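Below is one structure, written out as structure tokens; comments come after it.
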Amino acid sequence: MDAATLEPQSVLTGKFRPQSMSMDEGRRMFLVADTGGQTELWQVSPSGERIYSCPMPPGVPSSAAPPIIGYDHSVYIVRGRFLLNVARDGKLNWSREEIGRAHV
């Protein structure tokens with residue numbers, strides 16, 4: 001969107017269902033989408049071009065929590081008991097599953 005007029009500048013088309021989205025200071029969008037049985041993180045340029053697509057590992061549930069963009073532009077995704085980190089180039093760095101909760 002053009003920030004001055006709030007008019008759309010491009011449209012994403014295809015078969016997908018958006019789950020959550022965040023935007024960084026460069027107006028790049030980080031969209032978690034269900035593409036028909038597969039959940040993916042997409043980085044989308046301000047002009048609407050998909051820069052990368054990173055599939056989520058099997059067993060990671062859907063969630064409405066938006067992606068968290070780090071200072072280094074890696075992306076953290078919280079999904080149920082899972083925490084995932086995706087590098088700037090769209091590769092999955094790591095994923096962790098919470099084992100249990102400590103009672104304090």
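Each chain of the structure tokens is named A, B, ... in the order shown, its residues numbered from 1; ligands are numbered from 1 in display order.
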
Among chain A, which residues carry a DSSP assignment of strand (DSSP E or B), reported as a ChimeraX atom specification? /A:17-23,29-34,39-44,50-55,68-69,75-79,82-86,92-97

Serialized selection, N, CA and C atoms, as a compact mmCIF listing (two decimals), in the first residue's frame:
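In the end it all went to selection13.txt:
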```
# COMPACT_ATOMS: atom_id res chain seq x y z
N ARG A 17 -4.44 -19.23 2.27
CA ARG A 17 -5.26 -18.61 3.32
C ARG A 17 -4.31 -17.95 4.31
N PRO A 18 -4.32 -16.62 4.37
CA PRO A 18 -3.44 -15.92 5.31
C PRO A 18 -3.79 -16.28 6.75
N GLN A 19 -2.76 -16.48 7.58
CA GLN A 19 -2.98 -16.74 9.00
C GLN A 19 -2.56 -15.54 9.85
N SER A 20 -1.40 -14.96 9.53
CA SER A 20 -0.91 -13.80 10.27
C SER A 20 0.15 -13.09 9.43
N MET A 21 0.44 -11.83 9.81
CA MET A 21 1.38 -11.05 9.02
C MET A 21 2.04 -9.99 9.89
N SER A 22 3.30 -9.70 9.57
CA SER A 22 4.03 -8.58 10.17
C SER A 22 4.73 -7.83 9.05
N MET A 23 5.17 -6.61 9.36
CA MET A 23 5.88 -5.80 8.37
C MET A 23 7.09 -5.18 9.06
N MET A 29 6.76 -7.54 3.90
CA MET A 29 5.76 -8.28 4.66
C MET A 29 6.26 -9.69 4.94
N PHE A 30 5.94 -10.19 6.12
CA PHE A 30 6.24 -11.56 6.50
C PHE A 30 4.88 -12.21 6.80
N LEU A 31 4.45 -13.04 5.88
CA LEU A 31 3.11 -13.61 5.89
C LEU A 31 3.16 -15.10 6.15
N VAL A 32 2.44 -15.55 7.17
CA VAL A 32 2.26 -16.99 7.41
C VAL A 32 0.96 -17.36 6.72
N ALA A 33 1.05 -18.35 5.81
CA ALA A 33 -0.10 -18.71 4.99
C ALA A 33 -0.25 -20.23 4.92
N ASP A 34 -1.49 -20.67 4.86
CA ASP A 34 -1.82 -22.07 4.60
C ASP A 34 -2.01 -22.19 3.10
N THR A 39 1.77 -25.19 5.76
CA THR A 39 1.89 -23.83 6.28
C THR A 39 3.27 -23.32 5.92
N GLU A 40 3.34 -22.09 5.41
CA GLU A 40 4.60 -21.51 4.95
C GLU A 40 4.74 -20.08 5.46
N LEU A 41 5.99 -19.66 5.63
CA LEU A 41 6.30 -18.26 5.87
C LEU A 41 6.77 -17.68 4.55
N TRP A 42 6.14 -16.59 4.13
CA TRP A 42 6.54 -15.90 2.91
C TRP A 42 7.11 -14.54 3.29
N GLN A 43 8.20 -14.16 2.62
CA GLN A 43 8.63 -12.78 2.69
C GLN A 43 8.22 -12.16 1.36
N VAL A 44 7.53 -11.02 1.44
CA VAL A 44 6.99 -10.36 0.25
C VAL A 44 7.52 -8.93 0.21
N ARG A 50 7.16 -12.17 -4.17
CA ARG A 50 7.53 -13.11 -3.11
C ARG A 50 9.04 -13.32 -3.16
N ILE A 51 9.73 -13.00 -2.08
CA ILE A 51 11.18 -13.12 -2.00
C ILE A 51 11.57 -14.54 -1.62
N TYR A 52 10.87 -15.11 -0.62
CA TYR A 52 11.12 -16.51 -0.27
C TYR A 52 9.86 -17.13 0.30
N SER A 53 9.89 -18.45 0.35
CA SER A 53 8.84 -19.26 0.96
C SER A 53 9.53 -20.32 1.80
N CYS A 54 9.22 -20.37 3.09
CA CYS A 54 9.82 -21.35 3.99
C CYS A 54 8.71 -22.23 4.58
N PRO A 55 8.68 -23.53 4.23
CA PRO A 55 7.65 -24.40 4.79
C PRO A 55 7.89 -24.68 6.27
N ILE A 68 7.56 -12.56 14.41
CA ILE A 68 8.36 -11.57 15.13
C ILE A 68 9.63 -11.36 14.33
N ILE A 69 9.90 -10.13 13.94
CA ILE A 69 11.06 -9.83 13.10
C ILE A 69 12.17 -9.30 13.98
N VAL A 75 13.42 -14.21 11.43
CA VAL A 75 12.01 -14.18 11.84
C VAL A 75 11.76 -15.30 12.85
N TYR A 76 11.08 -14.96 13.93
CA TYR A 76 10.69 -15.92 14.95
C TYR A 76 9.20 -16.17 14.81
N ILE A 77 8.83 -17.44 14.88
CA ILE A 77 7.43 -17.83 14.75
C ILE A 77 7.05 -18.67 15.95
N VAL A 78 5.98 -18.27 16.64
CA VAL A 78 5.46 -19.01 17.79
C VAL A 78 4.20 -19.71 17.33
N ARG A 79 4.18 -21.03 17.45
CA ARG A 79 3.03 -21.84 17.04
C ARG A 79 2.78 -22.89 18.10
N PHE A 82 5.62 -24.66 19.85
CA PHE A 82 6.82 -24.58 19.01
C PHE A 82 7.31 -23.14 18.88
N LEU A 83 8.64 -22.99 18.81
CA LEU A 83 9.29 -21.73 18.48
C LEU A 83 10.24 -22.04 17.33
N LEU A 84 10.11 -21.28 16.24
CA LEU A 84 10.94 -21.49 15.06
C LEU A 84 11.68 -20.21 14.72
N ASN A 85 12.87 -20.35 14.10
CA ASN A 85 13.63 -19.20 13.64
C ASN A 85 13.99 -19.41 12.18
N VAL A 86 13.65 -18.42 11.35
CA VAL A 86 13.93 -18.46 9.92
C VAL A 86 14.96 -17.36 9.62
N LEU A 92 15.11 -22.36 7.29
CA LEU A 92 14.79 -22.61 8.69
C LEU A 92 16.10 -22.81 9.45
N ASN A 93 16.39 -21.92 10.40
CA ASN A 93 17.59 -22.04 11.24
C ASN A 93 17.43 -23.15 12.26
N TRP A 94 16.31 -23.09 13.01
CA TRP A 94 16.05 -24.08 14.04
C TRP A 94 14.58 -24.03 14.44
N SER A 95 14.16 -25.12 15.10
CA SER A 95 12.83 -25.16 15.70
C SER A 95 12.96 -25.89 17.03
N ARG A 96 12.21 -25.44 18.00
CA ARG A 96 12.22 -26.03 19.34
C ARG A 96 10.79 -26.29 19.78
N GLU A 97 10.61 -27.39 20.49
CA GLU A 97 9.31 -27.68 21.09
C GLU A 97 9.44 -27.60 22.59
```

Pick from A:Met56, A:His73, A:Thr13, A:Pro66, whichever lies nearest to Gly26 (chain A) using only C-alpha atoms: A:His73

Find the distance between CA of Asp72 (chain A) and CA of Ala87 (chain A) and write it in Å to one decimal.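 Rounded to one decimal, the two atoms are 8.8 Å apart.
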
CA of Gly80 (chain A) to CA of Phe16 (chain A), distance in Å rounded to a single decimal: 21.0 Å

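CA of Gly70 (chain A) to CA of Asp24 (chain A) spans 9.3 Å [interatomic distance, one decimal].
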